[in-house]
Amino acid sequence: NIDPESLIPKLPLPSELRPFPTRCTNAFVGHKGRVRSLDAHREGLWLASGGDDGVVRVWEILTGRCVWSMSLRNFNNGETSENDDDEDSTDEQSIIHAVAWSPNTATPILAVAADTKLYLITPPIFNPELVENAKNAVSQDFSESACVWKHCPKSLTTVLSGAVLHAVVTTQFTIKALSWHRRGDYVATSSSVSSNRAVIIHQLSRGASQSPFSKARGSIQQVSFHPTQPYLLVATQRYVRIYNLAKQELVKTLITGVKWISSIDVHPSGDHVLLGSYDRRLCWFDLDLSNKPYKTVRYHDRAIRDVSYHPTLPLFCSASDDGNVQVFHGRVYNDLMANPLIVPLKILGKHKVVNSVGVLDACWHPQEAWLFSCGANGEIRMWT
Amino acid sequence: MSSQDEQVAQVQVRFTTRDPDYAVADTPILIPTTLRRYGLSQIVNHLLEKETPTPFDFLVNGKILTTSLDEYIVQNGLSTESVLTLEYIPSTLPPSFLAAFPHEDWISGISLKDDSILTSSYDGIARVWNKSGKVCVTSASLDSSLKSVAWTTDSSFLTASLNQGISLWSYSSADVPMDDDESSAVVADYDCAFVGHENVVERIRTGSSTLFLSAGADKMMGVWDLERSPATGLPTQTVTGKRRKKNTEVLPKNGAKAPLLMCTGHNGPVTDMVFATDTSVAYSVSQDHTIKTWDLITGQLVNSRITRAPLLCIQNIGDLNLLACGSAGRHITLHDPRASAEQTTSITLNGHKNFVSGLACSPENPYMLASVSHDNTTKVWDIRATSGSLYTLSRNVQSKSTWDKLFAIDWNSSTGIVTGGTDKQLQINQSTKGDIASSE
Ligand SMILES: [Mg+2]
């Protein structure tokens with residue numbers, strides 16, 4: 001007579017797994033319309049954001065102060081802010097889909113994707129030496145390549161409000177996602193189209209872009225460089241393919257079981273992959289174990305928009321159109337036989353849901369168990 | 001004894017005080033255990049037979065009594081048979097709102113010197129206010145938000161900025177306009193730049209000598225001297241276009257100076273620091289959760305103590321050998337810097353609902369301190385009362401945002417408690433000498 005309950009391994013209580021974010025302690029106020037992307041700088045001082053209003057902003061994390069902003073709308077319209085009377089309307093050309101800081105803190109560069117363009121910017125918050133390093137990291141002698149690289153026109157420098165715009169790179173399709181290589185010399189962009197030119201890798205030191213694939217494998221949802229190997233993970237609607245860029249070969253295809261992938265993230269160890277889907281599923285893959293999910297859960301009431309591992313702590317999160325961010329404990333072990341430990345910790349809510357859009361992106365503070373989330377109605381929140 | 005008296009539990013108490021003006025006979029007297037502070041205060045005033053009553057607070061075993069005697073006896077497992085010694089101290093009443101001085105932008109730092117109030121703001125300007133709310137002196141804008149200010153002399157002060165800079169400003173007291181004077185504020189001379197930080201300078205602190213300290217987001221604490229810091233070159237300008245022109249308009253009269261020392265060892269942004277009572281020692285706090293002790297002669301790290309949360313501010317309660325630290329964990333912790341590093345926190349003050357961003361010690365009472373928080377309140381604490389703050393001061397102006405936050409506080413006897421933050425109002429609260437009617 002064995003009680004079946006006793007055979008289920010007991011999960012630790014959330015209270016034993018502190019720290020994790022529990023409450024909203026700050027808001028970053030200024031954006032209009034959807035805020036689509038957030039990224040915290042590695043040193044934990046600055047948060048970058050962008051969205052439908054076409055304004056890139058950098059915030060002081062501790063205070064919530066916007067310390068720099070730049071309107072891509074003004075940039076595209078050639079500085080004239082006089083015709084800017086229709087502030088709430090969205091201008092397709094300037095919708096920002098993704099912002100991401102270079103992981104190399106010695107060369108502080110913010111990559112901003114809007115429409116078909118990739119902007120490489122150093123906001124005026126870094127010391128002169130770092131600004132100089134960043135300038136030197138981007139070739140000023142652009143080569144003929146898969147995309148057109150352009151310098152910032154002299155007439156538009158005032159729009160930059162003190163920032164340095166290293167280059168504007170124009171691709172063929174609207175860029176939906178960005179991923180930096182860990183050394184900060186390559187940045188990959190992807191567009192949600194089925195084309196062999198939907199994924200492009202841009203190299204800063206050469207001022208050139210290349211298209212790594214010769215044929216289309218479905219509409220691209222997101223790309224991500226691997227944190228330790230020369231791999232690129234490419235998510236289409238149903239599959240995640242892992243390519244070895246050095247050997248130019250397919251390493252592995254993850255069979256996800258979901259209908260439409262919205263986002264992926266690679267664990268800092270490189271051995272695990274997190275995936276979120278529009279059909280509400282969150283999947284964890286242990287790459288050493290199988291090409292099928294180690295675990296799939298469906299906790300959100302609406303589409304999952306973003307999934308994210310904490311860069312240093314055993315935490316991860318999923319952000320959804322239901323207006324909530326769910327926080328999990330996710331511990332991995334060096335022991336190959338030990339399975340990852342996953343414990344749901346907290347539902348952080350609630351963001352406003354406007355026209356069925358809730359939370360569009362979430363990102364972690366690089367050191368603390370602090371989370372940032374953004375979504376409809378110009379909202380950006382900090383959870384601690 | 002009547003039957004009614006038998007039902008009311010009583011206890012023998014001995015009243016003592018360290019203030020000879022309020023001394024009463026120390027013979028134990030029998031009083032009902034239902035009494036709280038207010039009733040006890042009435043008894044002492046009765047014994048004192050003074051014309052105007054004084055409100056008192058009561059200490060049992062060094063802790064402020066916040067319950068009835070009965071609850072105290074039960075909670076501490078005492079017996080009503082023994083004699084309870086109650087030390088009484090004149091109460092301080094909640095500091096009352098005096099004035100609010102509107103700023104153009106968020107207030108980041110406050111430094112008081114006698115009647116003069118120095119503030120720094122995100123608009124890039126430092127301002128000296130007199131008590132009537134007139135701006136007497138301003139700094140020039142160096143095109144970067146200011147994060148902190150500190151007086152150096154009666155007519156000079158330091159500013160710290162988001163763009164890694166520290167600047168010394170000076171003016172002639174004779175030029176300062178009087179209250180009834182229509183003339184506008186004097187613009188202070190840009191005296192000297194102190195260069196060496198590689199990131200935001202979060203705070204600066206001056207001490208009793210010409211030495212001053214700076215907390216850098218570059219993980220370093222700078223040690224500088226107004227007189228002895230060596231001369232150096234100004235950093236090269238890298239900003240482009242219009243901004244370059246604007247910057248070069250304001251250059252320091254006496255050039256730039258380098259730090260005496262840069263203390264390295266923190267693993268996150270340094271947020272605040274204080275001189276020890278012995279001014280050759282300083283304590284710093286950081287977002288890396290640690291409190292570090294530094295020898296300022298050698299720049300050596302003497303001691304490091306880790307806490308649970310990112311630390312945002314520190315004060316030295318020198319009389320009691322305690323360091324008070326405000327944290328992102330919403331609490332204030334008190335540490336004895338002499339205790340070995342293994343010893344954990346002795347006291348935690350809970351009550352704020354968000355980050356504790358600034359601390360100030362009472363100029364009069366060594367047990368009192370005040371704190372400001374991102375919850376937009378100011379709290380006054382007596383560290384002998386660990387069950388909560390004595391008072392919570394709200395903002396006098398209606399908050400326009402649910403996310404209003406306070407960043408700065410200072411407290412001196414001639415001005416009071418001065419606070420500021422995102423509502424752009426410099427708020428002054430002043431202690432009032434109390435009367436018993438307003439207590440409880
Ligand atoms: Mg994200």
# chains A, B, ... in the order shown; residues from 1 in each chain; ligands from 1

$ residues_near_ligand --ligand "ligand 1" --cutoff "12 Å" --atoms "only C-alpha atoms and all ligand atoms" --output "PyMOL selection string"
chain A and resi 36-40+48-49+97-100+177-179+222+224+262-266+274-276+304-311+316-320+325+359-365+371-375

$ write_last_selection --atoms "C-alpha atoms" --output "PDB file, in the first residue's frame"
ATOM      1  CA  ARG A  36       7.841  46.422 -28.144  1.00  0.00           C
ATOM      2  CA  SER A  37      11.343  45.870 -26.858  1.00  0.00           C
ATOM      3  CA  LEU A  38      13.501  46.347 -23.766  1.00  0.00           C
ATOM      4  CA  ASP A  39      17.112  45.605 -22.971  1.00  0.00           C
ATOM      5  CA  ALA A  40      19.136  46.229 -19.817  1.00  0.00           C
ATOM      6  CA  ALA A  48      16.897  50.818 -23.423  1.00  0.00           C
ATOM      7  CA  SER A  49      13.393  50.719 -24.896  1.00  0.00           C
ATOM      8  CA  HIS A  97      10.671  46.216 -33.161  1.00  0.00           C
ATOM      9  CA  ALA A  98      13.859  45.493 -31.253  1.00  0.00           C
ATOM     10  CA  VAL A  99      16.570  47.162 -29.182  1.00  0.00           C
ATOM     11  CA  ALA A 100      19.669  45.363 -27.858  1.00  0.00           C
ATOM     12  CA  ALA A 177      14.384  40.535 -34.007  1.00  0.00           C
ATOM     13  CA  LEU A 178      18.028  41.112 -33.116  1.00  0.00           C
ATOM     14  CA  SER A 179      20.746  39.012 -31.533  1.00  0.00           C
ATOM     15  CA  GLN A 222      13.674  34.855 -34.033  1.00  0.00           C
ATOM     16  CA  SER A 224      19.861  33.834 -31.374  1.00  0.00           C
ATOM     17  CA  SER A 262       6.929  33.627 -30.637  1.00  0.00           C
ATOM     18  CA  SER A 263      10.313  33.723 -28.937  1.00  0.00           C
ATOM     19  CA  ILE A 264      13.324  31.691 -27.853  1.00  0.00           C
ATOM     20  CA  ASP A 265      16.155  32.181 -25.380  1.00  0.00           C
ATOM     21  CA  VAL A 266      19.332  30.193 -24.804  1.00  0.00           C
ATOM     22  CA  LEU A 274      13.478  28.155 -23.614  1.00  0.00           C
ATOM     23  CA  LEU A 275      10.668  28.671 -26.086  1.00  0.00           C
ATOM     24  CA  GLY A 276       7.361  30.532 -25.954  1.00  0.00           C
ATOM     25  CA  ILE A 304       3.190  34.092 -24.912  1.00  0.00           C
ATOM     26  CA  ARG A 305       5.133  36.970 -26.441  1.00  0.00           C
ATOM     27  CA  ASP A 306       8.530  36.581 -24.823  1.00  0.00           C
ATOM     28  CA  VAL A 307      10.602  34.165 -22.774  1.00  0.00           C
ATOM     29  CA  SER A 308      13.794  35.049 -20.975  1.00  0.00           C
ATOM     30  CA  TYR A 309      16.462  33.383 -18.819  1.00  0.00           C
ATOM     31  CA  HIS A 310      18.106  35.443 -16.086  1.00  0.00           C
ATOM     32  CA  PRO A 311      21.753  35.905 -17.112  1.00  0.00           C
ATOM     33  CA  PHE A 316      13.338  32.632 -16.040  1.00  0.00           C
ATOM     34  CA  CYS A 317      10.095  34.267 -17.128  1.00  0.00           C
ATOM     35  CA  SER A 318       7.384  34.270 -19.739  1.00  0.00           C
ATOM     36  CA  ALA A 319       5.434  37.372 -20.816  1.00  0.00           C
ATOM     37  CA  SER A 320       1.966  37.145 -22.301  1.00  0.00           C
ATOM     38  CA  VAL A 325       4.578  37.922 -16.540  1.00  0.00           C
ATOM     39  CA  VAL A 359       3.081  42.256 -22.351  1.00  0.00           C
ATOM     40  CA  LEU A 360       5.270  42.355 -25.441  1.00  0.00           C
ATOM     41  CA  ASP A 361       8.724  41.947 -23.946  1.00  0.00           C
ATOM     42  CA  ALA A 362      10.476  41.291 -20.667  1.00  0.00           C
ATOM     43  CA  CYS A 363      14.100  41.420 -19.648  1.00  0.00           C
ATOM     44  CA  TRP A 364      16.089  40.780 -16.482  1.00  0.00           C
ATOM     45  CA  HIS A 365      18.462  43.017 -14.591  1.00  0.00           C
ATOM     46  CA  LEU A 371      12.583  42.223 -14.016  1.00  0.00           C
ATOM     47  CA  PHE A 372      11.447  44.791 -16.595  1.00  0.00           C
ATOM     48  CA  SER A 373       8.359  44.345 -18.719  1.00  0.00           C
ATOM     49  CA  CYS A 374       6.702  46.432 -21.409  1.00  0.00           C
ATOM     50  CA  GLY A 375       3.585  46.383 -23.506  1.00  0.00           C
TER      51      GLY A 375
END

$ residues_around --residues "Gln367 of chain A" --least-positions-apart "6" --cutoff "10 Å" --atoms "only C-alpha atoms" --output "list in words"
Arg42, Glu43, Gly44, His310, Pro311, Thr312 and Leu313 of chain A; Gly268, Gln287 and Asp288 of chain B

$ write_last_selection --atoms "C-alpha atoms" --output "PDB file, in the first residue's frame"
ATOM      1  CA  ARG A  42      25.207  44.575 -18.812  1.00  0.00           C
ATOM      2  CA  GLU A  43      26.414  46.861 -16.026  1.00  0.00           C
ATOM      3  CA  GLY A  44      22.898  47.267 -14.678  1.00  0.00           C
ATOM      4  CA  HIS A 310      18.106  35.443 -16.086  1.00  0.00           C
ATOM      5  CA  PRO A 311      21.753  35.905 -17.112  1.00  0.00           C
ATOM      6  CA  THR A 312      23.190  35.012 -13.681  1.00  0.00           C
ATOM      7  CA  LEU A 313      20.472  33.699 -11.327  1.00  0.00           C
TER       8      LEU A 313
ATOM      9  CA  GLY B 268      28.819  47.058  -8.401  1.00  0.00           C
ATOM     10  CA  GLN B 287      24.573  47.910  -5.254  1.00  0.00           C
ATOM     11  CA  ASP B 288      26.828  44.847  -4.783  1.00  0.00           C
TER      12      ASP B 288
END

$ atom_distance --atom1 "atom CA of Ala150 of chain B" --atom2 "atom CA of Ser173 of chain B"
17.1 Å

$ residues_around --residues "Gly196 of chain B" --least-positions-apart "2" --cutoff "12 Å" --atoms "only C-alpha atoms" --output "VMD selection string"
(chain A and resid 127 to 129) or (chain B and resid 163 to 167 193 to 194 198 to 201 214 to 216 218 220 to 224 229 to 235 256 to 263)

$ closest_residue --among "A:Val169, A:Ala369, A:Leu348, A:Leu233" --to "chain B" --atoms "only C-alpha atoms"
A:Ala369

$ closest_residue --among "B:Thr206, B:Gln315, B:Ser357, B:Thr333" --to "chain A" --atoms "only C-alpha atoms"
B:Ser357

$ interface_residues --of "chain B" --to "chain A" --cutoff "10 Å" --atoms "only C-alpha atoms" --output "number ranges by chain"
B: 106, 108, 122, 144-145, 162-165, 197-200, 217-218, 235-244, 268-269, 287-288, 308-310, 312, 328-329, 353-355, 357, 374-375, 401-407, 421-422

$ residues_around --residues "Arg302 of chain A" --least-positions-apart "5" --cutoff "8 Å" --atoms "only C-alpha atoms" --output "VMD selection string"
chain A and resid 278 to 280 320 to 322

$ residues_around --residues "Asp91 of chain A" --least-positions-apart "4" --cutoff "12 Å" --atoms "only C-alpha atoms" --output "list in words"
Gly33, Gly51, Asp52, Asp53, Gly54, Val55, Ser71, Leu72, Arg73, Asn74, Asn76, Asn77, Asp84, Asp86, Glu87, Ile95, Ile96, Ala114 and Asp115 of chain A

$ residues_around --residues "segment 330-335 of chain A" --least-positions-apart "3" --cutoff "6 Å" --atoms "only C-alpha atoms" --output "MDAnalysis selection string"
chainID A and resid 314:315 338 340:342

$ write_last_selection --atoms "C-alpha atoms" --output "mmCIF file, in the first residue's frame"
data_model
loop_
_atom_site.group_PDB
_atom_site.id
_atom_site.type_symbol
_atom_site.label_atom_id
_atom_site.label_comp_id
_atom_site.auth_asym_id
_atom_site.auth_seq_id
_atom_site.Cartn_x
_atom_site.Cartn_y
_atom_site.Cartn_z
ATOM 1 C CA PRO A 314 18.398 30.487 -11.601
ATOM 2 C CA LEU A 315 15.314 32.349 -12.829
ATOM 3 C CA ALA A 338 20.316 15.511 -12.950
ATOM 4 C CA PRO A 340 16.694 20.796 -14.480
ATOM 5 C CA LEU A 341 14.540 21.850 -11.530
ATOM 6 C CA ILE A 342 11.613 24.046 -12.597
#

$ residues_around --residues "segment 186-199 of chain A" --least-positions-apart "4" --cutoff "10 Å" --atoms "only C-alpha atoms" --output "PyMOL selection string"
chain A and resi 98+100+102+111+113+115-118+146+171-182+203-206+208-225+232+234-237

$ atom_distance --atom1 "atom CA of Ala23 of chain B" --atom2 "atom CA of Ile317 of chain B"
27.5 Å

$ decode --residues "segment 372-384 of chain B" --atoms "all heavy atoms" --output "CSV table (one decimal), in the first residue's frame"
chain,number,residue,atom,x,y,z
B,372,VAL,N,14.3,58.8,3.4
B,372,VAL,CA,13.4,59.0,2.3
B,372,VAL,C,13.4,57.8,1.4
B,372,VAL,O,14.3,57.0,1.4
B,372,VAL,CB,13.7,60.3,1.4
B,372,VAL,CG1,13.4,61.6,2.1
B,372,VAL,CG2,15.2,60.2,1.0
B,373,SER,N,12.3,57.6,0.7
B,373,SER,CA,12.1,56.4,-0.1
B,373,SER,C,11.4,56.6,-1.4
B,373,SER,O,10.8,57.7,-1.6
B,373,SER,CB,11.3,55.4,0.8
B,373,SER,OG,10.7,54.4,0.0
B,374,HIS,N,11.6,55.6,-2.3
B,374,HIS,CA,10.8,55.7,-3.6
B,374,HIS,C,9.3,55.5,-3.3
B,374,HIS,O,8.5,55.6,-4.3
B,374,HIS,CB,11.4,54.6,-4.5
B,374,HIS,CG,12.7,54.9,-5.1
B,374,HIS,ND1,13.3,54.2,-6.1
B,374,HIS,CD2,13.6,55.9,-4.7
B,374,HIS,CE1,14.5,54.7,-6.4
B,374,HIS,NE2,14.7,55.7,-5.5
B,375,ASP,N,8.9,55.2,-2.1
B,375,ASP,CA,7.5,55.2,-1.8
B,375,ASP,C,6.9,56.6,-1.6
B,375,ASP,O,5.8,56.8,-1.2
B,375,ASP,CB,7.2,54.3,-0.6
B,375,ASP,CG,7.7,54.8,0.7
B,375,ASP,OD1,8.1,56.0,0.8
B,375,ASP,OD2,7.7,54.0,1.7
B,376,ASN,N,7.8,57.6,-1.8
B,376,ASN,CA,7.4,59.0,-1.7
B,376,ASN,C,7.1,59.5,-0.3
B,376,ASN,O,6.4,60.5,-0.1
B,376,ASN,CB,6.2,59.3,-2.7
B,376,ASN,CG,6.2,60.8,-3.2
B,376,ASN,OD1,7.3,61.3,-3.4
B,376,ASN,ND2,5.1,61.4,-3.4
B,377,THR,N,7.6,58.8,0.7
B,377,THR,CA,7.4,59.3,2.1
B,377,THR,C,8.8,59.5,2.7
B,377,THR,O,9.8,58.9,2.3
B,377,THR,CB,6.6,58.3,3.0
B,377,THR,OG1,7.4,57.1,3.2
B,377,THR,CG2,5.3,57.9,2.3
B,378,THR,N,8.7,60.3,3.8
B,378,THR,CA,9.8,60.5,4.7
B,378,THR,C,9.5,59.9,6.0
B,378,THR,O,8.3,60.1,6.5
B,378,THR,CB,10.1,62.0,4.9
B,378,THR,OG1,10.2,62.6,3.6
B,378,THR,CG2,11.4,62.3,5.7
B,379,LYS,N,10.3,59.1,6.6
B,379,LYS,CA,10.0,58.5,7.9
B,379,LYS,C,11.1,58.9,8.9
B,379,LYS,O,12.3,59.1,8.6
B,379,LYS,CB,10.0,57.0,7.8
B,379,LYS,CG,8.7,56.5,7.1
B,379,LYS,CD,8.6,55.0,7.0
B,379,LYS,CE,7.4,54.5,6.3
B,379,LYS,NZ,6.2,54.6,7.1
B,380,VAL,N,10.6,59.2,10.1
B,380,VAL,CA,11.5,59.5,11.2
B,380,VAL,C,11.5,58.3,12.2
B,380,VAL,O,10.5,57.8,12.5
B,380,VAL,CB,11.1,60.8,11.9
B,380,VAL,CG1,12.0,61.2,13.1
B,380,VAL,CG2,11.0,62.0,11.0
B,381,TRP,N,12.7,57.9,12.5
B,381,TRP,CA,12.9,56.7,13.3
B,381,TRP,C,13.6,57.0,14.6
B,381,TRP,O,14.5,57.9,14.7
B,381,TRP,CB,13.7,55.6,12.6
B,381,TRP,CG,13.3,55.4,11.2
B,381,TRP,CD1,13.6,56.1,10.1
B,381,TRP,CD2,12.5,54.3,10.7
B,381,TRP,NE1,13.1,55.6,8.9
B,381,TRP,CE2,12.4,54.4,9.3
B,381,TRP,CE3,11.9,53.2,11.3
B,381,TRP,CZ2,11.7,53.5,8.5
B,381,TRP,CZ3,11.2,52.3,10.5
B,381,TRP,CH2,11.1,52.4,9.1
B,382,ASP,N,13.3,56.3,15.7
B,382,ASP,CA,14.1,56.2,16.9
B,382,ASP,C,14.6,54.8,16.9
B,382,ASP,O,13.8,53.9,16.9
B,382,ASP,CB,13.3,56.5,18.1
B,382,ASP,CG,14.1,56.7,19.4
B,382,ASP,OD1,14.9,55.7,19.6
B,382,ASP,OD2,14.0,57.7,20.1
B,383,ILE,N,15.9,54.6,16.9
B,383,ILE,CA,16.4,53.2,16.7
B,383,ILE,C,16.2,52.4,18.0
B,383,ILE,O,16.3,51.2,18.0
B,383,ILE,CB,17.9,53.2,16.4
B,383,ILE,CG1,18.8,53.8,17.5
B,383,ILE,CG2,18.2,53.9,15.0
B,383,ILE,CD1,20.2,53.5,17.3
B,384,ARG,N,15.7,53.0,19.0
B,384,ARG,CA,15.3,52.3,20.2
B,384,ARG,C,13.8,51.7,20.0
B,384,ARG,O,13.4,50.9,20.8
B,384,ARG,CB,15.3,53.1,21.5
B,384,ARG,CG,16.7,53.6,21.8
B,384,ARG,CD,16.7,54.7,22.8
B,384,ARG,NE,16.1,55.9,22.3
B,384,ARG,CZ,16.1,57.0,22.9
B,384,ARG,NH1,16.6,57.2,24.1
B,384,ARG,NH2,15.5,58.1,22.4
